[in-house]
Amino acid sequence: MDNKRKYPMKLFIFGVISNLIRKFYIGALVLLFLIIGIFNNYFTKLSVVIFCLWVMYAIVEQIILRHAALKTSSNEQYNHLMDTILGENGPFSKSENKIDIKTIINDSIRNNHLNDD
């Protein structure tokens with residue numbers, strides 16, 4: 001892992017929440033089982049288990065993404081992008097010399113289009 005890159009906690013939490021939203025149908029199933037659980041205690045316990053598995057899935061998937069973002073790749077363009085976003089002056093740093101995320105992405109797109117020609 002690259003020591004210059006830091007993966008901020010708020011980005012991790014945002015990723016977990018987006019993973020939960022992406023699998024929203026599991027949450028709908030939990031809600032349905034909770035409603036049925038009013039009449040049958042078995043479904044209440046089942047909904048709690050499914051909810052815990054759903055949250056653990058979202059956290060594990062975000063840990064995998066965090067590991068991939070911090071790891072150095074053989075693709076130099078990817079390394080440059082991750083160093084810029086997660087580096088010392090990236091948009092998630094506490095530095096006063098922050099770089100705007102739109103600028104990073106636009107520069108990356110512009111550089112890729114120039115390299116393709």
# chains A, B, ... in the order shown; residues from 1 in each chain; ligands from 1
>>> closest_atom_pairs(of="range 49-89 of chain A", to="range 23-28 of chain A", cutoff="9 Å", atoms="only C-alpha atoms", output="CSV")
residue,atom,partner,partner_atom,distance
A:Ile50,CA,A:Ile26,CA,7.9
A:Phe51,CA,A:Gly27,CA,7.1
A:Trp54,CA,A:Ile26,CA,7.1
A:Ala58,CA,A:Lys23,CA,8.8
>>> closest_atom_pairs(of="range 66-87 of chain A", to="range 102-111 of chain A", cutoff="8 Å", atoms="only C-alpha atoms", output="Markdown table")
| residue | atom | partner | partner_atom | distance |
| --- | --- | --- | --- | --- |
| A:Leu81 | CA | A:Ser108 | CA | 7.3 |
| A:Thr84 | CA | A:Ile104 | CA | 7.4 |
| A:Ile85 | CA | A:Ile104 | CA | 7.6 |
>>> atom_distance(atom1="CA of Leu86 in chain A", atom2="CA of Arg5 in chain A")
5.0 Å
>>> select_by_dssp(residues="range 6-111 of chain A", states="alpha helix (DSSP H)", output="JSON, numbers by chain")
{"A": [9, 10, 11, 12, 13, 14, 15, 16, 17, 18, 19, 20, 21, 22, 24, 25, 26, 27, 28, 29, 30, 31, 32, 33, 34, 35, 36, 41, 42, 43, 44, 45, 46, 47, 48, 49, 50, 51, 52, 53, 54, 55, 56, 57, 58, 59, 60, 61, 62, 63, 64, 65, 66, 67, 68, 69, 70, 76, 77, 78, 79, 80, 81, 82, 83, 84, 85, 86, 101, 102, 103, 104, 105, 106, 107, 108, 109, 110, 111]}
>>> closest_residue(among="A:Met56, A:Leu20, A:Leu70, A:Val48", to="Leu32 in chain A", atoms="only C-alpha atoms")
A:Val48
>>> residues_around(residues="Lys45 in chain A", least_positions_apart="5", cutoff="9 Å", atoms="only C-alpha atoms", output="compact mmCIF listing (two decimals) with N, CA and C atoms, in the first residue's frame")
# COMPACT_ATOMS: atom_id res chain seq x y z
N PHE A 33 -40.38 -8.86 6.04
CA PHE A 33 -40.31 -9.87 7.09
C PHE A 33 -40.62 -9.28 8.46
N LEU A 34 -40.26 -8.00 8.68
CA LEU A 34 -40.62 -7.37 9.95
C LEU A 34 -42.13 -7.20 10.08
N GLY A 37 -43.43 -10.41 10.78
CA GLY A 37 -42.97 -10.77 12.12
C GLY A 37 -43.88 -10.29 13.23
N ILE A 50 -31.04 -11.27 8.37
CA ILE A 50 -30.85 -10.78 7.00
C ILE A 50 -30.31 -9.35 7.02
>>> atom_distance(atom1="CA of Cys52 in chain A", atom2="CA of Arg22 in chain A")
16.1 Å
>>> closest_atom_pairs(of="range 52-92 of chain A", to="range 7-12 of chain A", cutoff="12 Å", atoms="only C-alpha atoms", output="tab-separated table")
residue	atom	partner	partner_atom	distance
A:Ala58	CA	A:Phe12	CA	10.5
A:Ile59	CA	A:Phe12	CA	8.7
A:Val60	CA	A:Phe12	CA	10.9
A:Glu61	CA	A:Phe12	CA	10.4
A:Gln62	CA	A:Phe12	CA	6.7
A:Ile63	CA	A:Phe12	CA	8.1
A:Ile64	CA	A:Phe12	CA	10.8
A:Leu65	CA	A:Phe12	CA	9.2
A:Arg66	CA	A:Tyr7	CA	6.9
A:His67	CA	A:Tyr7	CA	9.2
A:Ala68	CA	A:Tyr7	CA	10.8
A:Ala69	CA	A:Tyr7	CA	8.0
A:Leu70	CA	A:Tyr7	CA	7.3
A:Lys71	CA	A:Tyr7	CA	11.1
A:Met82	CA	A:Tyr7	CA	10.1
A:Asp83	CA	A:Tyr7	CA	10.9
A:Ile85	CA	A:Tyr7	CA	9.5
A:Leu86	CA	A:Tyr7	CA	6.3
A:Gly87	CA	A:Tyr7	CA	8.9
A:Glu88	CA	A:Tyr7	CA	10.8
A:Gly90	CA	A:Tyr7	CA	10.6
A:Pro91	CA	A:Pro8	CA	10.4
A:Phe92	CA	A:Pro8	CA	6.8
>>> closest_residue(among="A:Leu31, A:His80, A:Asn41, A:Val55", to="Gly15 in chain A", atoms="only C-alpha atoms")
A:Val55
>>> atom_distance(atom1="CA of Ser18 in chain A", atom2="CA of Val30 in chain A")
17.6 Å
